[in-house]
Each structure stands twice: as structure tokens, then as C-alpha cells.
$ cat target-v2.txt   # compact mmCIF, C-alpha atoms
# COMPACT_ATOMS: atom_id res chain seq x y z
CA MET A 18 -16.84 -140.60 12.90
CA THR A 19 -17.01 -144.25 13.82
CA SER A 20 -20.18 -145.36 15.46
CA HIS A 21 -20.11 -147.54 18.50
CA GLY A 22 -22.92 -149.65 19.74
CA PRO A 23 -25.20 -152.18 18.10
CA THR A 24 -25.24 -152.61 14.32
CA ALA A 25 -28.20 -151.78 12.11
CA ALA A 26 -29.39 -155.40 12.03
CA GLU A 27 -29.15 -155.70 15.82
CA ARG A 28 -31.05 -152.45 16.31
CA PHE A 29 -33.75 -153.61 13.90
CA ILE A 30 -34.23 -157.02 15.56
CA ASN A 31 -34.06 -155.56 19.08
CA GLY A 32 -36.90 -153.17 18.40
CA ILE A 33 -39.30 -155.90 17.35
CA LEU A 34 -39.14 -158.31 20.29
CA PRO A 35 -36.09 -158.26 22.61
CA GLU A 36 -36.58 -154.53 23.39
CA ASN A 37 -40.23 -154.24 22.36
CA PRO A 38 -41.35 -150.70 23.28
CA VAL A 39 -44.66 -151.87 24.76
CA TYR A 40 -43.78 -155.18 26.41
CA ARG A 41 -40.11 -154.75 27.35
CA GLN A 42 -39.62 -151.00 27.78
CA LEU A 43 -43.18 -150.08 28.85
CA LEU A 44 -43.00 -146.88 26.82
CA GLY A 45 -45.82 -145.13 24.97
CA MET A 46 -48.42 -146.36 27.44
CA CYS A 47 -50.84 -143.52 26.68
CA PRO A 48 -51.69 -144.58 23.10
CA THR A 49 -51.26 -148.23 24.09
CA LEU A 50 -54.14 -147.89 26.52
CA ALA A 51 -56.19 -145.20 24.84
CA VAL A 52 -56.61 -146.14 21.19
CA THR A 53 -56.56 -149.94 21.28
CA GLY A 54 -60.33 -150.44 21.57
CA ALA A 55 -60.34 -151.60 17.94
CA MET A 56 -57.76 -152.49 15.29
CA GLU A 57 -58.44 -149.58 12.96
CA PRO A 58 -57.57 -146.70 15.31
CA ALA A 59 -54.70 -148.75 16.79
CA MET A 60 -53.11 -149.30 13.39
CA THR A 61 -53.63 -145.68 12.36
CA MET A 62 -51.88 -144.65 15.55
CA ALA A 63 -49.07 -147.16 14.86
CA GLY A 64 -48.67 -145.76 11.34
CA ALA A 65 -48.57 -142.14 12.50
CA THR A 66 -46.09 -142.99 15.26
CA ALA A 67 -43.90 -144.91 12.77
CA PHE A 68 -43.86 -141.91 10.42
CA VAL A 69 -42.80 -139.55 13.21
CA LEU A 70 -40.25 -141.97 14.66
CA ILE A 71 -38.58 -142.71 11.33
CA CYS A 72 -38.42 -139.05 10.27
CA ALA A 73 -37.20 -137.85 13.66
CA ASN A 74 -34.55 -140.56 13.93
CA VAL A 75 -33.20 -139.84 10.44
CA ILE A 76 -33.08 -136.05 10.93
CA VAL A 77 -31.50 -136.29 14.37
CA SER A 78 -28.91 -138.76 13.07
CA LEU A 79 -28.08 -136.43 10.16
CA ILE A 80 -27.42 -133.49 12.48
CA ARG A 81 -25.89 -135.51 15.34
CA GLY A 82 -22.45 -133.95 14.80
CA LEU A 83 -23.89 -130.47 15.39
CA LEU A 84 -25.86 -131.23 18.55
CA ARG A 85 -24.88 -129.47 21.77
CA PRO A 86 -25.46 -131.58 24.88
CA HIS A 87 -27.59 -129.00 26.67
CA LEU A 88 -29.70 -128.15 23.61
CA ARG A 89 -30.28 -131.65 22.26
CA ILE A 90 -33.60 -132.32 24.02
CA LEU A 91 -34.94 -129.03 22.66
CA ILE A 92 -33.95 -130.06 19.15
CA PHE A 93 -35.46 -133.55 19.55
CA THR A 94 -38.74 -132.04 20.73
CA LEU A 95 -38.79 -129.45 17.95
CA THR A 96 -38.20 -132.13 15.32
CA ILE A 97 -40.78 -134.52 16.77
CA ALA A 98 -43.41 -131.79 17.14
CA THR A 99 -42.98 -130.78 13.50
CA PHE A 100 -43.54 -134.29 12.19
CA VAL A 101 -46.46 -134.87 14.55
CA THR A 102 -48.13 -131.73 13.22
CA ILE A 103 -47.59 -132.95 9.66
CA ALA A 104 -49.07 -136.37 10.54
CA ASP A 105 -52.03 -134.68 12.24
CA ARG A 106 -52.78 -132.48 9.21
CA VAL A 107 -52.43 -135.37 6.75
CA LEU A 108 -54.86 -137.47 8.80
CA ALA A 109 -57.34 -134.58 8.96
CA ALA A 110 -57.11 -134.16 5.19
CA TYR A 111 -57.23 -137.78 4.02
CA LEU A 112 -58.68 -139.82 6.93
CA TYR A 113 -61.03 -137.25 8.39
CA GLN A 114 -63.29 -139.56 10.41
CA MET A 115 -60.30 -141.46 11.83
CA SER A 116 -58.62 -138.18 12.70
CA LYS A 117 -61.75 -137.16 14.62
CA GLN A 118 -61.93 -140.54 16.34
CA LEU A 119 -58.31 -140.34 17.51
CA GLY A 120 -58.89 -136.72 18.60
CA PRO A 121 -56.17 -135.46 20.96
CA TYR A 122 -54.14 -138.67 20.78
CA VAL A 123 -52.51 -137.69 17.49
CA PRO A 124 -51.06 -134.41 18.84
CA LEU A 125 -50.10 -136.39 21.96
CA ILE A 126 -47.62 -138.45 19.90
CA ILE A 127 -45.26 -135.53 20.67
CA VAL A 128 -44.94 -136.82 24.24
CA ASN A 129 -44.65 -140.49 23.26
CA CYS A 130 -41.43 -141.49 25.02
CA VAL A 131 -40.68 -144.23 22.47
CA ILE A 132 -39.69 -141.52 20.00
CA ILE A 133 -37.59 -139.24 22.19
CA SER A 134 -35.85 -142.24 23.76
CA ARG A 135 -34.79 -143.53 20.30
CA CYS A 136 -33.46 -140.07 19.40
CA GLU A 137 -31.47 -140.03 22.61
CA ILE A 138 -30.30 -143.66 22.72
CA CYS A 139 -29.66 -144.34 19.06
CA ALA A 140 -30.09 -141.53 16.53
CA SER A 141 -27.99 -138.90 18.31
CA LYS A 142 -25.07 -141.34 18.53
CA GLN A 143 -25.18 -143.55 15.44
CA SER A 144 -25.19 -143.27 11.65
CA VAL A 145 -28.29 -142.65 9.53
CA GLY A 146 -28.51 -146.29 8.41
CA VAL A 147 -28.48 -147.59 11.98
CA ALA A 148 -30.94 -144.90 13.09
CA LEU A 149 -33.29 -145.82 10.25
CA ALA A 150 -33.09 -149.55 11.03
CA ASP A 151 -33.68 -148.76 14.69
CA ALA A 152 -36.73 -146.60 13.91
CA VAL A 153 -38.24 -149.22 11.61
CA GLY A 154 -37.63 -152.02 14.12
CA MET A 155 -39.11 -150.02 17.00
CA SER A 156 -42.09 -149.01 14.84
CA ILE A 157 -42.80 -152.65 14.02
CA GLY A 158 -42.43 -153.54 17.70
CA PHE A 159 -44.80 -150.74 18.72
CA ALA A 160 -47.33 -151.73 16.03
CA LEU A 161 -47.19 -155.36 17.22
CA GLY A 162 -47.73 -154.22 20.80
CA LEU A 163 -50.77 -152.12 19.86
CA ALA A 164 -52.12 -154.83 17.52
CA SER A 165 -51.94 -157.55 20.18
CA ILE A 166 -53.93 -155.48 22.68
CA ALA A 167 -56.38 -154.18 20.08
CA THR A 168 -56.99 -157.71 18.78
CA VAL A 169 -57.95 -159.02 22.20
CA ARG A 170 -60.08 -155.98 23.02
CA GLU A 171 -61.90 -155.74 19.70
CA ILE A 172 -62.67 -159.47 19.43
CA LEU A 173 -63.86 -159.86 23.01
CA GLY A 174 -65.48 -156.42 23.23
CA SER A 175 -67.19 -156.13 19.85
CA GLY A 176 -66.92 -159.60 18.30
CA THR A 177 -65.12 -158.09 15.31
CA TRP A 178 -61.57 -157.70 14.00
CA PHE A 179 -60.79 -154.72 11.78
CA GLY A 180 -64.56 -154.23 11.66
CA CYS A 181 -65.23 -157.72 10.22
CA GLU A 182 -67.75 -159.89 12.04
CA LEU A 183 -65.96 -162.84 13.66
CA LEU A 184 -67.98 -164.09 16.57
CA SER A 185 -71.52 -163.33 15.42
CA ARG A 186 -72.23 -167.03 14.68
CA LEU A 187 -71.24 -167.99 18.21
CA ASN A 188 -73.81 -165.57 19.64
CA TRP A 189 -70.93 -163.89 21.44
CA PRO A 190 -72.17 -161.64 24.27
CA ASN A 191 -69.87 -158.66 23.59
CA TRP A 192 -67.89 -157.86 26.72
CA GLY A 193 -68.55 -154.14 26.79
CA ILE A 194 -65.90 -153.56 29.42
CA MET A 195 -63.16 -154.60 26.98
CA VAL A 196 -63.67 -151.54 24.77
CA LEU A 197 -63.81 -149.25 27.81
CA PRO A 198 -60.69 -147.99 29.63
CA PRO A 199 -60.65 -150.79 32.27
CA GLY A 200 -60.49 -153.35 29.45
CA ALA A 201 -57.27 -151.71 28.26
CA PHE A 202 -55.66 -152.12 31.68
CA PHE A 203 -56.83 -155.75 32.08
CA THR A 204 -55.58 -156.70 28.64
CA LEU A 205 -52.24 -154.93 28.98
CA GLY A 206 -51.66 -156.45 32.43
CA LEU A 207 -52.47 -159.99 31.32
CA LEU A 208 -50.48 -159.77 28.09
CA LEU A 209 -47.49 -158.28 29.96
CA ALA A 210 -47.65 -161.16 32.42
CA LEU A 211 -47.81 -163.61 29.52
CA ALA A 212 -44.83 -161.99 27.78
CA GLU A 213 -42.86 -162.05 31.02
CA TRP A 214 -43.76 -165.69 31.69
CA ILE A 215 -42.64 -166.74 28.20
CA GLY A 216 -39.43 -164.75 28.66
CA GLN A 217 -38.69 -166.44 31.99
CA ARG A 218 -39.34 -169.90 30.60
CA ARG A 219 -37.00 -169.30 27.69
CA LYS A 220 -34.28 -168.28 30.09
CA GLY A 221 -34.82 -171.63 31.78
CA TYR A 222 -36.04 -170.58 35.21
CA MET B 27 -14.02 -114.80 28.62
CA SER B 28 -15.02 -111.33 27.42
CA THR B 29 -18.64 -110.25 26.99
CA THR B 30 -18.39 -110.23 23.22
CA GLY B 31 -17.06 -113.78 23.23
CA ASN B 32 -19.98 -114.83 25.39
CA GLN B 33 -22.57 -113.22 23.13
CA GLY B 34 -21.00 -114.83 20.09
CA GLY B 35 -21.26 -117.99 22.12
CA TYR B 36 -25.02 -117.71 22.49
CA ILE B 37 -25.56 -117.49 18.75
CA GLY B 38 -22.84 -120.04 18.23
CA GLN B 39 -24.68 -122.44 20.48
CA ALA B 40 -28.21 -121.72 19.39
CA TRP B 41 -27.80 -121.29 15.63
CA LEU B 42 -28.94 -124.83 14.94
CA VAL B 43 -32.12 -124.37 16.99
CA ILE B 44 -32.89 -121.12 15.20
CA LEU B 45 -32.18 -122.59 11.77
CA LEU B 46 -34.27 -125.70 12.45
CA ALA B 47 -37.14 -123.60 13.82
CA LEU B 48 -37.17 -121.57 10.60
CA LEU B 49 -36.97 -124.66 8.39
CA TYR B 50 -39.68 -126.51 10.29
CA GLY B 51 -41.86 -123.41 10.36
CA GLY B 52 -41.56 -123.14 6.59
CA ALA B 53 -42.33 -126.82 6.12
CA LEU B 54 -45.43 -126.56 8.33
CA ALA B 55 -46.62 -123.48 6.47
CA GLY B 56 -46.28 -125.46 3.25
CA VAL B 57 -48.22 -128.41 4.65
CA GLN B 58 -50.98 -126.12 5.90
CA THR B 59 -51.22 -124.29 2.57
CA THR B 60 -51.46 -127.58 0.69
CA LEU B 61 -53.83 -129.45 2.98
CA GLY B 62 -55.80 -126.58 4.55
CA PRO B 63 -58.45 -126.32 1.79
CA ARG B 64 -58.98 -130.08 1.83
CA ILE B 65 -59.46 -130.12 5.61
CA GLU B 66 -61.91 -127.22 5.32
CA GLN B 67 -63.78 -129.15 2.62
CA ASN B 68 -63.98 -132.19 4.92
CA LYS B 69 -65.46 -130.01 7.66
CA GLU B 70 -67.94 -128.47 5.24
CA ASN B 71 -69.04 -131.91 4.02
CA GLU B 72 -69.55 -132.97 7.60
CA THR B 73 -71.67 -129.87 8.14
CA TYR B 74 -73.92 -130.89 5.22
CA ASP B 75 -74.10 -134.47 6.54
CA ARG B 76 -75.44 -133.16 9.87
CA ILE B 77 -78.02 -130.78 8.45
CA PRO B 78 -81.02 -133.18 8.47
CA GLU B 79 -80.31 -133.88 12.15
CA LEU B 80 -79.85 -130.21 13.04
CA VAL B 81 -82.86 -128.80 11.24
CA PRO B 82 -85.89 -131.12 11.06
CA GLY B 83 -87.20 -131.54 7.53
CA ALA B 84 -84.03 -130.31 5.83
CA ASP B 85 -82.45 -132.26 2.97
CA ARG B 86 -78.69 -132.76 2.85
CA ASN B 87 -78.11 -132.62 -0.90
CA GLU B 88 -80.43 -129.73 -1.70
CA THR B 89 -78.94 -127.75 1.17
CA GLU B 90 -75.46 -128.42 -0.20
CA LYS B 91 -76.50 -127.27 -3.69
CA VAL B 92 -78.12 -124.09 -2.39
CA ASN B 93 -75.20 -123.17 -0.16
CA LYS B 94 -72.57 -124.01 -2.76
CA ALA B 95 -74.33 -121.89 -5.36
CA LYS B 96 -74.50 -118.95 -2.98
CA ARG B 97 -72.07 -118.69 -0.08
CA LEU B 98 -73.99 -116.89 2.66
CA THR B 99 -72.07 -114.71 5.07
CA VAL B 100 -73.37 -112.24 7.59
CA THR B 101 -71.63 -109.50 9.51
CA GLY B 102 -72.14 -110.23 13.19
CA ALA B 103 -72.57 -107.75 16.00
CA ASP B 104 -68.82 -108.22 16.57
CA GLY B 105 -68.14 -106.69 13.16
CA LYS B 106 -66.69 -109.90 11.70
CA GLY B 107 -67.99 -111.93 8.78
CA HIS B 108 -69.52 -115.33 9.62
CA ARG B 109 -70.53 -118.15 7.31
CA VAL B 110 -74.08 -119.40 7.79
CA PHE B 111 -75.97 -122.19 6.05
CA LEU B 112 -79.58 -121.97 4.89
CA ALA B 113 -81.15 -125.40 5.44
CA VAL B 114 -83.77 -126.28 2.81
CA ALA B 115 -86.14 -129.20 2.30
CA ALA B 116 -86.08 -131.51 -0.73
CA ASP B 117 -88.39 -129.05 -2.55
CA ARG B 118 -86.06 -126.21 -1.55
CA ALA B 119 -88.50 -124.68 0.90
CA PRO B 120 -86.41 -122.94 3.61
CA LYS B 121 -86.54 -124.90 6.87
CA GLY B 122 -84.05 -123.11 9.08
CA TRP B 123 -80.44 -122.15 9.59
CA VAL B 124 -77.22 -123.85 10.58
CA VAL B 125 -74.65 -121.61 12.22
CA PRO B 126 -71.06 -122.74 12.82
CA ALA B 127 -69.66 -121.31 16.05
CA SER B 128 -66.53 -121.88 18.06
CA GLY B 129 -64.97 -120.82 21.32
CA LEU B 130 -62.62 -121.92 24.03
CA GLY B 131 -63.49 -125.03 26.01
CA PHE B 132 -61.72 -126.56 28.99
CA ALA B 133 -58.77 -127.88 26.98
CA ASP B 134 -58.87 -126.33 23.53
CA ARG B 135 -61.19 -124.84 20.94
CA ILE B 136 -64.66 -126.33 20.58
CA ASP B 137 -66.32 -126.13 17.15
CA LEU B 138 -70.10 -126.37 17.13
CA LEU B 139 -72.92 -126.41 14.60
CA ILE B 140 -76.11 -124.81 15.86
CA GLY B 141 -79.42 -125.52 14.14
CA LEU B 142 -82.05 -122.77 14.29
CA ASP B 143 -85.62 -122.73 13.04
CA LYS B 144 -86.79 -120.51 10.20
CA GLN B 145 -88.01 -117.72 12.49
CA LEU B 146 -84.81 -117.90 14.56
CA SER B 147 -86.94 -118.27 17.67
CA LYS B 148 -85.83 -121.76 18.70
CA ILE B 149 -82.71 -123.91 18.68
CA THR B 150 -83.49 -127.06 16.71
CA GLY B 151 -80.26 -129.00 17.22
CA LEU B 152 -76.63 -128.96 18.22
CA TYR B 153 -73.64 -130.89 16.93
CA VAL B 154 -70.02 -130.88 18.11
CA LEU B 155 -67.81 -130.71 15.04
CA ASP B 156 -64.47 -130.72 16.83
CA GLN B 157 -63.29 -130.77 20.42
CA LYS B 158 -60.29 -131.87 22.46
CA GLU B 159 -61.91 -132.02 25.90
CA THR B 160 -60.83 -134.54 28.55
CA PRO B 161 -61.51 -138.07 27.28
CA GLY B 162 -64.23 -139.75 29.33
CA LEU B 163 -65.43 -136.53 30.98
CA GLY B 164 -65.52 -133.36 28.89
CA ASP B 165 -65.83 -135.23 25.63
CA GLU B 166 -69.28 -136.41 26.75
CA ILE B 167 -70.49 -133.10 25.28
CA ARG B 168 -70.36 -134.90 21.91
CA ARG B 169 -72.97 -137.41 22.99
CA GLU B 170 -76.68 -137.33 22.33
CA PRO B 171 -77.94 -137.03 25.95
CA PHE B 172 -76.13 -133.74 26.44
CA ARG B 173 -76.69 -132.34 22.96
CA LYS B 174 -80.38 -133.13 22.67
CA GLN B 175 -81.14 -130.84 25.62
CA PHE B 176 -80.50 -127.86 23.34
CA GLY B 177 -83.29 -128.78 20.92
CA GLY B 178 -86.37 -126.62 21.44
CA LYS B 179 -84.68 -124.03 23.64
CA PRO B 180 -85.84 -120.46 22.98
CA THR B 181 -83.31 -118.03 21.53
CA ASP B 182 -84.63 -114.93 23.28
CA GLU B 183 -82.99 -115.68 26.61
CA PRO B 184 -79.44 -116.93 27.23
CA LEU B 185 -78.94 -120.57 28.19
CA VAL B 186 -77.93 -121.27 31.77
CA VAL B 187 -76.02 -124.38 32.85
CA VAL B 188 -77.22 -126.06 36.04
CA LYS B 189 -75.70 -129.02 37.87
CA THR B 190 -78.84 -130.84 38.92
CA GLU B 191 -81.94 -131.92 37.10
CA PRO B 192 -84.60 -130.99 36.21
CA ALA B 193 -83.73 -128.26 33.78
CA ALA B 194 -86.55 -125.82 33.16
CA GLY B 195 -86.96 -123.18 30.45
CA SER B 196 -83.56 -122.21 29.18
CA GLN B 197 -81.57 -124.41 31.54
CA ILE B 198 -79.10 -127.07 30.43
CA VAL B 199 -77.91 -129.83 32.79
CA ALA B 200 -74.11 -130.06 32.81
CA VAL B 201 -72.24 -133.28 32.04
CA THR B 202 -71.24 -134.79 35.40
CA GLY B 203 -67.62 -133.94 36.13
CA ALA B 204 -67.39 -131.57 33.19
CA THR B 205 -69.06 -128.34 34.28
CA ILE B 206 -66.53 -126.17 32.46
CA SER B 207 -66.89 -128.03 29.14
CA SER B 208 -70.69 -127.91 29.44
CA ASP B 209 -70.65 -124.24 30.35
CA SER B 210 -68.31 -123.48 27.44
CA VAL B 211 -70.74 -125.07 24.98
CA ALA B 212 -73.67 -123.06 26.39
CA GLN B 213 -71.64 -119.85 26.27
CA ILE B 214 -70.56 -120.46 22.67
CA VAL B 215 -74.21 -121.01 21.74
CA ASN B 216 -75.33 -117.88 23.62
CA GLN B 217 -72.65 -115.76 22.02
CA ALA B 218 -73.33 -117.03 18.52
CA ILE B 219 -77.06 -116.38 18.87
CA ALA B 220 -76.56 -112.91 20.34
CA ASN B 221 -74.02 -112.14 17.65
CA LEU B 222 -75.79 -113.48 14.60
CA LYS B 223 -79.56 -113.59 15.21
CA GLY B 224 -80.16 -110.01 14.06
CA PRO B 225 -77.94 -110.16 10.95
CA ILE B 226 -79.45 -113.50 9.85
CA ARG B 227 -82.97 -112.14 10.31
CA GLU B 228 -82.00 -109.28 8.00
CA LEU B 229 -81.08 -111.82 5.31
CA GLY B 230 -84.66 -113.10 5.33
CA THR B 231 -85.67 -116.71 4.74
CA THR B 232 -85.00 -116.38 1.03
CA PRO B 233 -81.84 -114.28 1.03
CA GLN B 234 -80.99 -112.19 -1.97
CA GLY B 235 -79.18 -114.16 -4.59
CA VAL B 236 -80.33 -117.53 -3.30
CA THR B 237 -83.67 -117.99 -5.10
CA THR B 238 -82.62 -116.68 -8.48
CA GLU B 239 -79.28 -118.48 -8.65
CA VAL B 240 -80.78 -121.70 -7.41
CA THR B 241 -83.54 -121.59 -9.97
CA ALA B 242 -81.08 -120.93 -12.77
CA GLU B 243 -78.80 -123.75 -11.68
CA ASP B 244 -81.77 -125.99 -11.09
CA ALA B 245 -83.10 -125.32 -14.59
CA GLU B 246 -79.74 -126.41 -15.95
CA VAL B 247 -79.64 -129.58 -13.90
CA HIS B 248 -83.22 -130.64 -14.56
CA GLY B 249 -83.29 -129.53 -18.19
CA GLY B 250 -85.59 -126.58 -17.56
CA SER B 251 -88.30 -128.49 -15.76
CA ARG B 252 -88.58 -125.71 -13.20
CA PRO B 253 -89.54 -122.12 -13.98
$ encode --input "target-v2.txt" --output "C-alpha cells"
Amino acid sequence: MTSHGPTAAERFINGILPENPVYRQLLGMCPTLAVTGAMEPAMTMAGATAFVLICANVIVSLIRGLLRPHLRILIFTLTIATFVTIADRVLAAYLYQMSKQLGPYVPLIIVNCVIISRCEICASKQSVGVALADAVGMSIGFALGLASIATVREILGSGTWFGCELLSRLNWPNWGIMVLPPGAFFTLGLLLALAEWIGQRRKGY
Amino acid sequence: MSTTGNQGGYIGQAWLVILLALLYGGALAGVQTTLGPRIEQNKENETYDRIPELVPGADRNETEKVNKAKRLTVTGADGKGHRVFLAVAADRAPKGWVVPASGLGFADRIDLLIGLDKQLSKITGLYVLDQKETPGLGDEIRREPFRKQFGGKPTDEPLVVVKTEPAAGSQIVAVTGATISSDSVAQIVNQAIANLKGPIRELGTTPQGVTTEVTAEDAEVHGGSRP
């Protein structure tokens, strides 16, 4: 079975910036807005999502020859749900406080469209190597998206980054709103505008 | 196509789904068997961490030692066994009880820890161990302003949730916009108290097995400094 479409390297690169899940595809907005109040939960979420995305992409690619068109979504969901449950249990066992802090957002990875869209667009049509490269690229892209928002929100909202004091010497008046839900929308909107503006400039408009 | 061909077709089409469901189910059972005890241990440690807050005067480490040496379970009015924790002070004087309780909230199960005084006449504290209520509304039940209302409430009459302040007697003011979550918490507390108050009282403040085993273990730890 010859695979058509982008090569592994193209898939990998595309996921990071050209087709960044957060800034270019606007997928996975729920965790993007909900758990980016600080770097630690954002990176835990990025790690859990990467685990699910990589496993789901590899499994779906392995069984792509057996998929029936009308049953494929069911199989994607079944596969994703299984790995999300594993991620959820592992977090509860080894990162208990973080698992409590993330609460329902770990089980909600099941409905993160980044994952099901990669199964549909790439893994169900291309070889395991390409699917793996695609999953890793997209995971890095998603992690960068979450990290950029969490960085802005944590520094401005709490004066810290990954829990380390950064702005305490400046007597920074922590902008409480940045760690609250409205801060997530402000930050995402402004960063999206910035990404779009850079993209337009590079195209030469 | 004939009927038989069609039926063969169903299995023919769905075999992969069935096979995957079985495989995934097996994998999840394996994960749960491996990690389940560790997750339970995490929850138990968190219970011990919260004991000084739930029962005034109780000591975390001594309470852990006492309850690890003797696992206390009571048979509730519902006929089921329930784990309870005897909270003790640093000198091992009994201070009260911590009762884990759970029930259905607005979204999913809510797990609570209820602190009770030695005589089981008053609630001394409440802690939300686990919940998946609506972020920003229902999950306010975790926060101090809601939880601290339970402290000092009598156990001889059921708690009632009201929407407006002030709350008198056994009334609890609901979290704004989360009446169902608030009500669920109050109901879980009411049920746990109704279910377990009698059986715990039967255990007595120094339940059988606790004093002797603790003393023996204590003698070992402190080189026989205690009788």
C-alpha cells in the first residue's frame, strides 16, 4: 500500500508551526483556555495530550487497512478514550496533586479535536512512520501553543514562571485577571493576532 | 443479499470494534490493577494530611500510626462496611472521627471527608477530596467559605441548604449558581451521619484493638518508654 500525501518530515515540521494546532487550526481550545494559568499544569496537559496523540496515531495507522469507513470514528474514539483513561490513572498514581488540580480536564482530552483530526487526516491514511512523525510534530506544536499562553499568564498574573519568582524584585502588582478565565481569552486573542500579523508580513502583504 | 449473508456482514463489519473493545478493556483492567492500590494510598495520605484541619487538636502522624495499626471499619445502617478514621492528639488522646463519604453531585461523584467531634454531636470540619463539578461554579464547594459553614453544625438534625443568608441552626447557604452541587454535599453529609453515627458510637472512643495494639507498637518504637 503506497501512501500518498506529505512525507514524515513534512508532517513533523507542519505540526510545529505551519499547521500549529493552537494558532493555525484553532483546535483543542478547551485545554488551551482552561489549564494555562501556570506553566506546570499546562505542561502536564501537553504531556498527557502528547501521550494520547502518539499512541492513538500509531494504533490507528497500524490498523488502517482494516478500518471500515462508517465505523472508523467509533474506533478512533475507542482508542483515544482508552489512552486517556491510562493517562488519567497514571497521573492520579504518580502526580496526585497535579491530577487533582487538572480535575476534569484530563478525561476531557477524549474530546480534544487535535487528536481525532490527526487520526482522520493522517493516521488512517498513511504509514506508521508518517503517523508517528505527525503525532510528535503536532504534540510539540500543541505544547508550544500552551506554553506561550501559560508563560504570559503566569508571569503577568503571578510574577512567576514554573513556580520560580521572576518579578518579585520589580514589585510587580500581580494582574489577578490573567490567571482567571478572562485572562485566557485576552492572551489567546492577542497572541493569535500577533501570530496572524507575523504570518501576513512574511507573505509580504 | 440473503439474511444469512447480512448477519455475517454485521460481524464481518464489526469484528474489529469488538476485538479492540476486548483488548482495550483488558489493558485498562491491567492498568487499574497495577495503579489502583497506589491511587488509594495517595487518597489515604491526603486524608491524614487533612486530619488536623478536620478535627481540632488532632495530630497527623499519630493519627496515621493509630489507623494504620488498626484499620477501623463499621457496618452502617445500610448494611455495608465503611472505613472510618479515629483522630488522635499528639499524646494519642482521642479527639474525634473522620468519616469518608461519597455520593452523586451535579456532574459526577463527590468524595468528602467529614470531621466529627468525640461525642459525635457536632461536625468539626469538611473537606472535598475529589469532585468534577462545573469549573467556576460547582467547584466552589472545594473552597473555604462554603466548607467552613459545616463546622459546628449539630449532627442530630439533617442539614438544610438555603439560597439566602443568614443561615441559622442547621442551615447551609448554597454556592451562588450551584444549588445542586451544594445540596449534594449537604445530602452526602446527612446520609453519612445518619448511616454511621450509631455504629461509630458503638465502637467507643477507644475502640477495641486500638489501645492495646497502639501501646505495643509504641513500646517498640520508643524502646519501651510507654507502659
$ residues_around --input "target-v2.txt" --residues "Val145 in chain A" --least-positions-apart "2" --cutoff "9 Å" --atoms "all atoms listed in the file" --output "number ranges by chain"
A: 74-79, 140, 143, 147-150
$ closest_atom_pairs --input "target-v2.txt" --of "chain A" --to "chain B" --cutoff "9 Å" --atoms "only C-alpha atoms" --output "CSV"
residue,atom,partner,partner_atom,distance
A:Leu83,CA,B:Leu42,CA,7.6
A:Leu84,CA,B:Leu42,CA,8.0
A:Arg85,CA,B:Gln39,CA,7.2
A:Leu88,CA,B:Ala40,CA,7.8
A:Leu91,CA,B:Val43,CA,7.9
A:Ile92,CA,B:Val43,CA,6.4
A:Leu95,CA,B:Ala47,CA,7.3
A:Thr96,CA,B:Tyr50,CA,7.7
A:Thr99,CA,B:Tyr50,CA,6.3
A:Phe100,CA,B:Leu54,CA,8.8
A:Thr102,CA,B:Leu54,CA,7.6
A:Ile103,CA,B:Val57,CA,6.8
A:Arg106,CA,B:Leu61,CA,7.0
A:Val107,CA,B:Leu61,CA,7.2
A:Ala109,CA,B:Ile65,CA,6.0
A:Ala110,CA,B:Ile65,CA,4.7
A:Tyr111,CA,B:Ile65,CA,8.1
A:Tyr113,CA,B:Asn68,CA,6.8
A:Lys117,CA,B:Asp156,CA,7.3
A:Gly120,CA,B:Lys158,CA,6.4
A:Pro121,CA,B:Lys158,CA,5.7
A:Pro198,CA,B:Gly162,CA,9.0
$ closest_atom_pairs --input "target-v2.txt" --of "range 43-108 of chain A" --to "range 123-126 of chain A" --cutoff "12 Å" --atoms "only C-alpha atoms" --output "tab-separated table"
residue	atom	partner	partner_atom	distance
A:Leu44	CA	A:Ile126	CA	11.8
A:Gly45	CA	A:Ile126	CA	8.6
A:Met46	CA	A:Ile126	CA	11.0
A:Cys47	CA	A:Leu125	CA	8.6
A:Pro48	CA	A:Ile126	CA	8.0
A:Thr49	CA	A:Ile126	CA	11.2
A:Ala51	CA	A:Leu125	CA	11.1
A:Val52	CA	A:Val123	CA	10.1
A:Pro58	CA	A:Val123	CA	10.6
A:Ala59	CA	A:Val123	CA	11.3
A:Thr61	CA	A:Val123	CA	9.6
A:Met62	CA	A:Val123	CA	7.3
A:Ala63	CA	A:Ile126	CA	10.2
A:Gly64	CA	A:Val123	CA	10.8
A:Ala65	CA	A:Val123	CA	7.8
A:Thr66	CA	A:Ile126	CA	6.7
A:Ala67	CA	A:Ile126	CA	10.3
A:Phe68	CA	A:Ile126	CA	10.8
A:Val69	CA	A:Ile126	CA	8.3
A:Leu70	CA	A:Ile126	CA	9.7
A:Thr94	CA	A:Ile126	CA	11.0
A:Ile97	CA	A:Ile126	CA	8.5
A:Ala98	CA	A:Pro124	CA	8.3
A:Thr99	CA	A:Pro124	CA	10.3
A:Phe100	CA	A:Ile126	CA	9.7
A:Val101	CA	A:Pro124	CA	6.3
A:Thr102	CA	A:Pro124	CA	6.9
A:Ile103	CA	A:Pro124	CA	9.9
A:Ala104	CA	A:Val123	CA	7.9
A:Asp105	CA	A:Val123	CA	6.1
A:Arg106	CA	A:Val123	CA	9.8
A:Val107	CA	A:Val123	CA	11.0
A:Leu108	CA	A:Val123	CA	9.0
$ residues_around --input "target-v2.txt" --residues "Lys142 in chain A" --least-positions-apart "3" --cutoff "9 Å" --atoms "all atoms listed in the file" --output "list in words"
Ser20, His21, Gly22, Ser78, Arg81, Gly82, Cys136, Glu137, Ile138, Cys139 and Ala148 of chain A
$ axis_aligned_box --input "target-v2.txt" --around "range 108-116 of chain A" --padding-each-side "6 Å" --output "AutoDock Vina command-line options"
--center_x -59.1 --center_y -137.8 --center_z 8.4 --size_x 20.4 --size_y 19.3 --size_z 20.7
$ atom_distance --input "target-v2.txt" --atom1 "CA of Arg219 in chain A" --atom2 "CA of Val153 in chain A"
25.8 Å
